Amino acid sequence: NAGVTQTPKFQVLKTGQSMTLQCAQDMNHEYMSWYRQDPGMGLRLIHYSVGAGITDQGEVPNGYNVSRSTTEDFPLRLLSAAPSQTSVYFCASSYSRDSLYGYTFGSGTRLTVV
Amino acid sequence: EDQVTQSPEALRLQEGESSSLNCSYTVSGLRGLFWYRQDPGKGPEFLFTLYSAGEEKEKERLKATLTKKESFLHITAPKPEDSATYLCAVHSGSARQLTFGSGTQLTVLP
């Protein structure tokens, strides 16, 4: 089925560990983005990409890195996990940054940092 | 800075009891206001885009309306399967990204 695929669905990390959250889409979307969702705070943009080789920071980028080597994939790297990064992470894609047709979201990765 | 406030935070309805969810926004140059539905353990699912004041969109039991300061999501004769969190977001010409509200958790009791 076409859509946005995120792996893993669940992850527990120890403080200081690093890991990569995977995101892949098969809709040939140029725009991809990462959000985190915390209770009572809504979805907040971490990083985004408007095409292969182009990335930029969102509202809460500290502690995260991204790269976009292909149109399909947009991994999110946690460099040194901290308890404040405990959250649910969503990857989203669309035809363009300014698309008014809505974003397609993945099913999320629930991350706990202990 | 774009801001979105949703109310109420949570709403419990009996099946068939119609109601409305509110989304108030402050934005510089609104390009679109979005409604999403989010089920537990899932990502948000796109419902509507509204572009200008006075516009209305409908989908099954849901109708979204837009004014210059707020949007309403009207739910007519809801069913238990309408239970979900409903998210509102705005896209402005200045920020060029989606700003989300914190959502309204709707529970429809049979």
# chains A, B, ... in the order shown; residues from 1 in each chain; ligands from 1

$ residues_around --residues "A:Thr112" --least-positions-apart "5" --cutoff "7 Å" --atoms "only C-alpha atoms" --output "VMD selection string"
chain A and resid 11 to 13 86 to 87

$ closest_atom_pairs --of "chain B" --to "chain A" --cutoff "9 Å" --atoms "only C-alpha atoms" --output "JSON lines"
{"residue": "B:Glu9", "atom": "CA", "partner": "A:Gly40", "partner_atom": "CA", "distance": 8.7}
{"residue": "B:Arg31", "atom": "CA", "partner": "A:Leu100", "partner_atom": "CA", "distance": 8.0}
{"residue": "B:Gly32", "atom": "CA", "partner": "A:Leu100", "partner_atom": "CA", "distance": 6.5}
{"residue": "B:Leu33", "atom": "CA", "partner": "A:Leu100", "partner_atom": "CA", "distance": 8.7}
{"residue": "B:Phe34", "atom": "CA", "partner": "A:Gly102", "partner_atom": "CA", "distance": 7.3}
{"residue": "B:Trp35", "atom": "CA", "partner": "A:Gly102", "partner_atom": "CA", "distance": 8.9}
{"residue": "B:Tyr36", "atom": "CA", "partner": "A:Gly102", "partner_atom": "CA", "distance": 8.7}
{"residue": "B:Gly41", "atom": "CA", "partner": "A:Ser107", "partner_atom": "CA", "distance": 7.1}
{"residue": "B:Lys42", "atom": "CA", "partner": "A:Ser107", "partner_atom": "CA", "distance": 4.7}
{"residue": "B:Gly43", "atom": "CA", "partner": "A:Ser107", "partner_atom": "CA", "distance": 4.4}
{"residue": "B:Pro44", "atom": "CA", "partner": "A:Phe105", "partner_atom": "CA", "distance": 6.1}
{"residue": "B:Glu45", "atom": "CA", "partner": "A:Phe105", "partner_atom": "CA", "distance": 7.0}
{"residue": "B:Phe46", "atom": "CA", "partner": "A:Gly102", "partner_atom": "CA", "distance": 5.8}
{"residue": "B:Leu47", "atom": "CA", "partner": "A:Gly102", "partner_atom": "CA", "distance": 8.1}
{"residue": "B:Phe48", "atom": "CA", "partner": "A:Gly102", "partner_atom": "CA", "distance": 7.8}
{"residue": "B:Thr49", "atom": "CA", "partner": "A:Leu100", "partner_atom": "CA", "distance": 6.7}
{"residue": "B:Leu50", "atom": "CA", "partner": "A:Leu100", "partner_atom": "CA", "distance": 8.9}
{"residue": "B:Tyr51", "atom": "CA", "partner": "A:Leu100", "partner_atom": "CA", "distance": 8.7}
{"residue": "B:Leu87", "atom": "CA", "partner": "A:Gly42", "partner_atom": "CA", "distance": 8.3}
{"residue": "B:His91", "atom": "CA", "partner": "A:Asp98", "partner_atom": "CA", "distance": 7.8}
{"residue": "B:Ser92", "atom": "CA", "partner": "A:Asp98", "partner_atom": "CA", "distance": 9.0}
{"residue": "B:Gly93", "atom": "CA", "partner": "A:Asp98", "partner_atom": "CA", "distance": 8.6}
{"residue": "B:Arg96", "atom": "CA", "partner": "A:Asp98", "partner_atom": "CA", "distance": 6.4}
{"residue": "B:Gln97", "atom": "CA", "partner": "A:Arg97", "partner_atom": "CA", "distance": 7.0}
{"residue": "B:Leu98", "atom": "CA", "partner": "A:Leu45", "partner_atom": "CA", "distance": 8.2}
{"residue": "B:Thr99", "atom": "CA", "partner": "A:Arg44", "partner_atom": "CA", "distance": 7.5}
{"residue": "B:Phe100", "atom": "CA", "partner": "A:Gly42", "partner_atom": "CA", "distance": 5.8}
{"residue": "B:Gly101", "atom": "CA", "partner": "A:Gly42", "partner_atom": "CA", "distance": 5.4}
{"residue": "B:Ser102", "atom": "CA", "partner": "A:Gly42", "partner_atom": "CA", "distance": 3.8}
{"residue": "B:Gly103", "atom": "CA", "partner": "A:Gly42", "partner_atom": "CA", "distance": 6.8}

$ closest_residue --among "B:Gln38, B:Gln6, B:Ser18, B:Gln105" --to "B:Lys79" --atoms "only C-alpha atoms"
B:Ser18

$ residues_around --residues "A:Val50" --least-positions-apart "2" --cutoff "9 Å" --atoms "only C-alpha atoms" --output "number ranges by chain"
A: 30-33, 48, 52-56, 96-97

$ residues_around --residues "B:Glu17" --least-positions-apart "6" --cutoff "10 Å" --atoms "only C-alpha atoms" --output "PyMOL selection string"
chain B and resi 75-79+108-109

$ write_last_selection --atoms "N, CA, C and O atoms" --output "PDB file, in the first residue's frame"
ATOM      1  N   ILE B  75     -20.016  18.168  14.254  1.00  0.00           N
ATOM      2  CA  ILE B  75     -20.239  16.725  14.154  1.00  0.00           C
ATOM      3  C   ILE B  75     -21.730  16.485  14.365  1.00  0.00           C
ATOM      4  O   ILE B  75     -22.254  16.757  15.463  1.00  0.00           O
ATOM      5  N   THR B  76     -22.371  15.991  13.328  1.00  0.00           N
ATOM      6  CA  THR B  76     -23.822  15.791  13.361  1.00  0.00           C
ATOM      7  C   THR B  76     -24.125  14.314  13.621  1.00  0.00           C
ATOM      8  O   THR B  76     -23.616  13.434  12.927  1.00  0.00           O
ATOM      9  N   ALA B  77     -24.937  14.081  14.635  1.00  0.00           N
ATOM     10  CA  ALA B  77     -25.366  12.718  15.000  1.00  0.00           C
ATOM     11  C   ALA B  77     -24.177  11.761  15.027  1.00  0.00           C
ATOM     12  O   ALA B  77     -24.129  10.780  14.260  1.00  0.00           O
ATOM     13  N   PRO B  78     -23.196  12.032  15.895  1.00  0.00           N
ATOM     14  CA  PRO B  78     -21.984  11.206  15.890  1.00  0.00           C
ATOM     15  C   PRO B  78     -22.229   9.754  16.286  1.00  0.00           C
ATOM     16  O   PRO B  78     -23.189   9.439  17.010  1.00  0.00           O
ATOM     17  N   LYS B  79     -21.339   8.904  15.809  1.00  0.00           N
ATOM     18  CA  LYS B  79     -21.342   7.485  16.138  1.00  0.00           C
ATOM     19  C   LYS B  79     -20.058   7.152  16.904  1.00  0.00           C
ATOM     20  O   LYS B  79     -19.080   7.901  16.827  1.00  0.00           O
ATOM     21  N   VAL B 108     -17.317   9.316  21.764  1.00  0.00           N
ATOM     22  CA  VAL B 108     -18.745   9.155  21.515  1.00  0.00           C
ATOM     23  C   VAL B 108     -19.193   7.849  22.140  1.00  0.00           C
ATOM     24  O   VAL B 108     -18.731   6.771  21.757  1.00  0.00           O
ATOM     25  N   LEU B 109     -20.084   7.955  23.104  1.00  0.00           N
ATOM     26  CA  LEU B 109     -20.534   6.788  23.862  1.00  0.00           C
ATOM     27  C   LEU B 109     -21.768   6.181  23.219  1.00  0.00           C
ATOM     28  O   LEU B 109     -22.661   6.903  22.785  1.00  0.00           O
TER      29      LEU B 109
END

$ atom_distance --atom1 "atom CA of B:Asp39" --atom2 "atom CA of B:Lys57"
21.1 Å

$ residues_around --residues "stretch 16-27 of chain A" --least-positions-apart "6" --cutoff "7 Å" --atoms "only C-alpha atoms" --output "PDB file with all heavy atoms, in the first residue's frame"
ATOM      1  N   ALA A   2       0.487   2.240  -0.820  1.00  0.00           N
ATOM      2  CA  ALA A   2       1.228   3.483  -0.876  1.00  0.00           C
ATOM      3  C   ALA A   2       1.095   4.211   0.444  1.00  0.00           C
ATOM      4  O   ALA A   2       0.072   4.134   1.119  1.00  0.00           O
ATOM      5  CB  ALA A   2       0.670   4.344  -2.000  1.00  0.00           C
ATOM      6  N   GLY A   3       2.166   4.906   0.823  1.00  0.00           N
ATOM      7  CA  GLY A   3       2.081   5.661   2.054  1.00  0.00           C
ATOM      8  C   GLY A   3       3.452   5.934   2.644  1.00  0.00           C
ATOM      9  O   GLY A   3       4.475   5.862   1.958  1.00  0.00           O
ATOM     10  N   VAL A   4       3.459   6.280   3.917  1.00  0.00           N
ATOM     11  CA  VAL A   4       4.675   6.579   4.660  1.00  0.00           C
ATOM     12  C   VAL A   4       4.903   5.462   5.678  1.00  0.00           C
ATOM     13  O   VAL A   4       4.010   5.160   6.468  1.00  0.00           O
ATOM     14  CB  VAL A   4       4.554   7.935   5.373  1.00  0.00           C
ATOM     15  CG1 VAL A   4       5.803   8.207   6.200  1.00  0.00           C
ATOM     16  CG2 VAL A   4       4.318   9.054   4.366  1.00  0.00           C
ATOM     17  N   THR A   5       6.074   4.871   5.624  1.00  0.00           N
ATOM     18  CA  THR A   5       6.421   3.761   6.504  1.00  0.00           C
ATOM     19  C   THR A   5       7.497   4.188   7.486  1.00  0.00           C
ATOM     20  O   THR A   5       8.551   4.683   7.088  1.00  0.00           O
ATOM     21  CB  THR A   5       6.927   2.555   5.695  1.00  0.00           C
ATOM     22  OG1 THR A   5       5.917   2.167   4.762  1.00  0.00           O
ATOM     23  CG2 THR A   5       7.234   1.379   6.613  1.00  0.00           C
ATOM     24  N   GLN A   6       7.216   3.994   8.768  1.00  0.00           N
ATOM     25  CA  GLN A   6       8.170   4.340   9.819  1.00  0.00           C
ATOM     26  C   GLN A   6       8.592   3.080  10.569  1.00  0.00           C
ATOM     27  O   GLN A   6       7.757   2.230  10.882  1.00  0.00           O
ATOM     28  CB  GLN A   6       7.560   5.308  10.826  1.00  0.00           C
ATOM     29  CG  GLN A   6       7.328   6.692  10.296  1.00  0.00           C
ATOM     30  CD  GLN A   6       6.838   7.635  11.381  1.00  0.00           C
ATOM     31  OE1 GLN A   6       5.772   8.231  11.279  1.00  0.00           O
ATOM     32  NE2 GLN A   6       7.648   7.785  12.429  1.00  0.00           N
ATOM     33  N   THR A   7       9.878   2.989  10.861  1.00  0.00           N
ATOM     34  CA  THR A   7      10.379   1.906  11.705  1.00  0.00           C
ATOM     35  C   THR A   7      11.449   2.453  12.648  1.00  0.00           C
ATOM     36  O   THR A   7      12.157   3.406  12.303  1.00  0.00           O
ATOM     37  CB  THR A   7      11.004   0.780  10.863  1.00  0.00           C
ATOM     38  OG1 THR A   7      12.019   1.330  10.023  1.00  0.00           O
ATOM     39  CG2 THR A   7       9.958   0.066  10.037  1.00  0.00           C
ATOM     40  N   PRO A   8      11.574   1.903  13.874  1.00  0.00           N
ATOM     41  CA  PRO A   8      10.674   0.920  14.463  1.00  0.00           C
ATOM     42  C   PRO A   8       9.404   1.575  14.987  1.00  0.00           C
ATOM     43  O   PRO A   8       9.280   2.790  14.953  1.00  0.00           O
ATOM     44  CB  PRO A   8      11.513   0.374  15.625  1.00  0.00           C
ATOM     45  CG  PRO A   8      12.311   1.566  16.074  1.00  0.00           C
ATOM     46  CD  PRO A   8      12.645   2.318  14.804  1.00  0.00           C
ATOM     47  N   GLU A  72      12.943   8.976  -1.603  1.00  0.00           N
ATOM     48  CA  GLU A  72      12.084   8.086  -0.823  1.00  0.00           C
ATOM     49  C   GLU A  72      12.362   8.103   0.676  1.00  0.00           C
ATOM     50  O   GLU A  72      11.458   7.878   1.479  1.00  0.00           O
ATOM     51  CB  GLU A  72      12.239   6.641  -1.314  1.00  0.00           C
ATOM     52  CG  GLU A  72      11.745   6.394  -2.728  1.00  0.00           C
ATOM     53  CD  GLU A  72      12.721   6.876  -3.777  1.00  0.00           C
ATOM     54  OE1 GLU A  72      13.913   7.065  -3.454  1.00  0.00           O
ATOM     55  OE2 GLU A  72      12.284   7.094  -4.930  1.00  0.00           O
ATOM     56  N   ASP A  73      13.611   8.324   1.090  1.00  0.00           N
ATOM     57  CA  ASP A  73      13.999   8.097   2.480  1.00  0.00           C
ATOM     58  C   ASP A  73      14.404   9.383   3.196  1.00  0.00           C
ATOM     59  O   ASP A  73      15.103  10.232   2.627  1.00  0.00           O
ATOM     60  CB  ASP A  73      15.167   7.102   2.533  1.00  0.00           C
ATOM     61  CG  ASP A  73      14.805   5.764   1.930  1.00  0.00           C
ATOM     62  OD1 ASP A  73      13.869   5.125   2.463  1.00  0.00           O
ATOM     63  OD2 ASP A  73      15.421   5.364   0.932  1.00  0.00           O
ATOM     64  N   PHE A  74      14.034   9.461   4.467  1.00  0.00           N
ATOM     65  CA  PHE A  74      14.355  10.646   5.263  1.00  0.00           C
ATOM     66  C   PHE A  74      14.561  10.208   6.714  1.00  0.00           C
ATOM     67  O   PHE A  74      13.670  10.337   7.559  1.00  0.00           O
ATOM     68  CB  PHE A  74      13.219  11.667   5.154  1.00  0.00           C
ATOM     69  CG  PHE A  74      13.537  13.021   5.736  1.00  0.00           C
ATOM     70  CD1 PHE A  74      14.747  13.643   5.488  1.00  0.00           C
ATOM     71  CD2 PHE A  74      12.604  13.694   6.506  1.00  0.00           C
ATOM     72  CE1 PHE A  74      15.032  14.898   6.000  1.00  0.00           C
ATOM     73  CE2 PHE A  74      12.869  14.950   7.029  1.00  0.00           C
ATOM     74  CZ  PHE A  74      14.092  15.543   6.770  1.00  0.00           C
ATOM     75  N   PRO A  75      15.743   9.678   7.042  1.00  0.00           N
ATOM     76  CA  PRO A  75      15.994   9.195   8.396  1.00  0.00           C
ATOM     77  C   PRO A  75      16.263  10.326   9.382  1.00  0.00           C
ATOM     78  O   PRO A  75      16.828  11.368   9.016  1.00  0.00           O
ATOM     79  CB  PRO A  75      17.233   8.314   8.226  1.00  0.00           C
ATOM     80  CG  PRO A  75      17.931   8.879   7.024  1.00  0.00           C
ATOM     81  CD  PRO A  75      16.849   9.394   6.115  1.00  0.00           C
ATOM     82  N   LEU A  76      15.870  10.095  10.628  1.00  0.00           N
ATOM     83  CA  LEU A  76      16.101  11.049  11.725  1.00  0.00           C
ATOM     84  C   LEU A  76      17.059  10.409  12.710  1.00  0.00           C
ATOM     85  O   LEU A  76      16.795   9.328  13.226  1.00  0.00           O
ATOM     86  CB  LEU A  76      14.781  11.372  12.431  1.00  0.00           C
ATOM     87  CG  LEU A  76      14.867  12.317  13.627  1.00  0.00           C
ATOM     88  CD1 LEU A  76      15.157  13.738  13.163  1.00  0.00           C
ATOM     89  CD2 LEU A  76      13.571  12.285  14.438  1.00  0.00           C
ATOM     90  N   ARG A  77      18.162  11.092  12.991  1.00  0.00           N
ATOM     91  CA  ARG A  77      19.174  10.551  13.896  1.00  0.00           C
ATOM     92  C   ARG A  77      19.160  11.294  15.224  1.00  0.00           C
ATOM     93  O   ARG A  77      19.199  12.531  15.253  1.00  0.00           O
ATOM     94  CB  ARG A  77      20.560  10.659  13.269  1.00  0.00           C
ATOM     95  CG  ARG A  77      20.715   9.860  11.997  1.00  0.00           C
ATOM     96  CD  ARG A  77      22.136   9.936  11.442  1.00  0.00           C
ATOM     97  NE  ARG A  77      22.205   9.333  10.123  1.00  0.00           N
ATOM     98  CZ  ARG A  77      21.889   9.975   9.002  1.00  0.00           C
ATOM     99  NH1 ARG A  77      21.517  11.243   9.046  1.00  0.00           N
ATOM    100  NH2 ARG A  77      21.961   9.359   7.835  1.00  0.00           N
ATOM    101  N   LEU A  78      19.127  10.514  16.293  1.00  0.00           N
ATOM    102  CA  LEU A  78      19.308  11.066  17.626  1.00  0.00           C
ATOM    103  C   LEU A  78      20.778  10.851  17.992  1.00  0.00           C
ATOM    104  O   LEU A  78      21.251   9.708  18.012  1.00  0.00           O
ATOM    105  CB  LEU A  78      18.416  10.378  18.642  1.00  0.00           C
ATOM    106  CG  LEU A  78      16.963  10.840  18.717  1.00  0.00           C
ATOM    107  CD1 LEU A  78      16.193  10.450  17.472  1.00  0.00           C
ATOM    108  CD2 LEU A  78      16.289  10.315  19.959  1.00  0.00           C
ATOM    109  N   LEU A  79      21.489  11.914  18.269  1.00  0.00           N
ATOM    110  CA  LEU A  79      22.930  11.839  18.422  1.00  0.00           C
ATOM    111  C   LEU A  79      23.339  11.283  19.787  1.00  0.00           C
ATOM    112  O   LEU A  79      24.221  10.445  19.892  1.00  0.00           O
ATOM    113  CB  LEU A  79      23.529  13.221  18.220  1.00  0.00           C
ATOM    114  CG  LEU A  79      23.078  13.911  16.924  1.00  0.00           C
ATOM    115  CD1 LEU A  79      23.585  15.346  16.886  1.00  0.00           C
ATOM    116  CD2 LEU A  79      23.530  13.123  15.717  1.00  0.00           C
ATOM    117  N   SER A  80      22.693  11.772  20.832  1.00  0.00           N
ATOM    118  CA  SER A  80      22.964  11.343  22.201  1.00  0.00           C
ATOM    119  C   SER A  80      21.667  11.508  22.964  1.00  0.00           C
ATOM    120  O   SER A  80      21.342  12.599  23.416  1.00  0.00           O
ATOM    121  CB  SER A  80      24.076  12.178  22.825  1.00  0.00           C
ATOM    122  OG  SER A  80      24.295  11.799  24.171  1.00  0.00           O
ATOM    123  N   ALA A  81      20.908  10.418  23.068  1.00  0.00           N
ATOM    124  CA  ALA A  81      19.538  10.497  23.568  1.00  0.00           C
ATOM    125  C   ALA A  81      19.473  11.051  24.989  1.00  0.00           C
ATOM    126  O   ALA A  81      20.311  10.739  25.851  1.00  0.00           O
ATOM    127  CB  ALA A  81      18.882   9.124  23.511  1.00  0.00           C
ATOM    128  N   ALA A  82      18.439  11.876  25.211  1.00  0.00           N
ATOM    129  CA  ALA A  82      18.178  12.458  26.527  1.00  0.00           C
ATOM    130  C   ALA A  82      16.730  12.174  26.906  1.00  0.00           C
ATOM    131  O   ALA A  82      15.874  12.030  26.011  1.00  0.00           O
ATOM    132  CB  ALA A  82      18.420  13.964  26.493  1.00  0.00           C
ATOM    133  N   CYS A  91       6.721  10.967  10.887  1.00  0.00           N
ATOM    134  CA  CYS A  91       7.235  11.414   9.612  1.00  0.00           C
ATOM    135  C   CYS A  91       6.046  11.737   8.722  1.00  0.00           C
ATOM    136  O   CYS A  91       5.017  11.038   8.760  1.00  0.00           O
ATOM    137  CB  CYS A  91       8.083  10.307   8.984  1.00  0.00           C
ATOM    138  SG  CYS A  91       8.814  10.715   7.387  1.00  0.00           S
TER     139      CYS A  91
END

$ residues_around --residues "B:Leu73" --least-positions-apart "6" --cutoff "7 Å" --atoms "only C-alpha atoms" --output "list of chain:residue names"
B:Ser20, B:Leu21, B:Asn22, B:Leu62, B:Lys63, B:Ala64, B:Thr65

$ decode --residues "stretch 33-49 of chain B" --atoms "N, CA, C and O atoms" --output "short mmCIF file (atom, residue, chain, number, x, y, z; two decimals), in the first residue's frame"
data_model
loop_
_atom_site.label_atom_id
_atom_site.label_comp_id
_atom_site.auth_asym_id
_atom_site.auth_seq_id
_atom_site.Cartn_x
_atom_site.Cartn_y
_atom_site.Cartn_z
N LEU B 33 -6.22 26.30 6.28
CA LEU B 33 -6.46 25.73 7.60
C LEU B 33 -6.86 24.28 7.39
O LEU B 33 -7.70 23.97 6.55
N PHE B 34 -6.22 23.40 8.15
CA PHE B 34 -6.38 21.96 7.95
C PHE B 34 -7.03 21.33 9.17
O PHE B 34 -6.75 21.71 10.30
N TRP B 35 -7.86 20.31 8.92
CA TRP B 35 -8.35 19.44 9.97
C TRP B 35 -7.85 18.03 9.70
O TRP B 35 -7.90 17.53 8.57
N TYR B 36 -7.36 17.41 10.80
CA TYR B 36 -6.89 16.03 10.75
C TYR B 36 -7.61 15.24 11.83
O TYR B 36 -7.97 15.77 12.88
N ARG B 37 -7.74 13.95 11.58
CA ARG B 37 -8.24 13.01 12.58
C ARG B 37 -7.09 12.10 12.99
O ARG B 37 -6.34 11.62 12.12
N GLN B 38 -6.94 11.85 14.29
CA GLN B 38 -5.90 10.94 14.76
C GLN B 38 -6.50 9.89 15.69
O GLN B 38 -7.05 10.23 16.74
N ASP B 39 -6.36 8.64 15.30
CA ASP B 39 -6.79 7.52 16.14
C ASP B 39 -5.63 7.10 17.04
O ASP B 39 -4.46 7.30 16.69
N PRO B 40 -5.93 6.50 18.20
CA PRO B 40 -4.87 6.10 19.13
C PRO B 40 -3.83 5.21 18.46
O PRO B 40 -4.18 4.25 17.77
N GLY B 41 -2.55 5.54 18.64
CA GLY B 41 -1.48 4.73 18.08
C GLY B 41 -1.27 4.90 16.59
O GLY B 41 -0.50 4.14 15.98
N LYS B 42 -1.95 5.87 15.99
CA LYS B 42 -1.83 6.09 14.55
C LYS B 42 -1.36 7.52 14.26
O LYS B 42 -1.40 8.39 15.13
N GLY B 43 -0.95 7.75 13.02
CA GLY B 43 -0.62 9.10 12.61
C GLY B 43 -1.86 9.87 12.22
O GLY B 43 -2.91 9.29 11.95
N PRO B 44 -1.77 11.21 12.19
CA PRO B 44 -2.92 12.02 11.76
C PRO B 44 -3.34 11.68 10.33
O PRO B 44 -2.49 11.41 9.47
N GLU B 45 -4.64 11.75 10.10
CA GLU B 45 -5.22 11.48 8.79
C GLU B 45 -5.92 12.74 8.30
O GLU B 45 -6.78 13.28 8.99
N PHE B 46 -5.55 13.19 7.13
CA PHE B 46 -6.09 14.43 6.57
C PHE B 46 -7.59 14.35 6.34
O PHE B 46 -8.09 13.35 5.79
N LEU B 47 -8.31 15.40 6.76
CA LEU B 47 -9.75 15.50 6.53
C LEU B 47 -10.10 16.60 5.53
O LEU B 47 -10.70 16.34 4.51
N PHE B 48 -9.75 17.85 5.87
CA PHE B 48 -10.16 19.00 5.05
C PHE B 48 -9.06 20.04 4.98
O PHE B 48 -8.25 20.16 5.89
N THR B 49 -9.12 20.85 3.92
CA THR B 49 -8.41 22.12 3.86
C THR B 49 -9.44 23.21 3.59
O THR B 49 -10.28 23.07 2.70
#
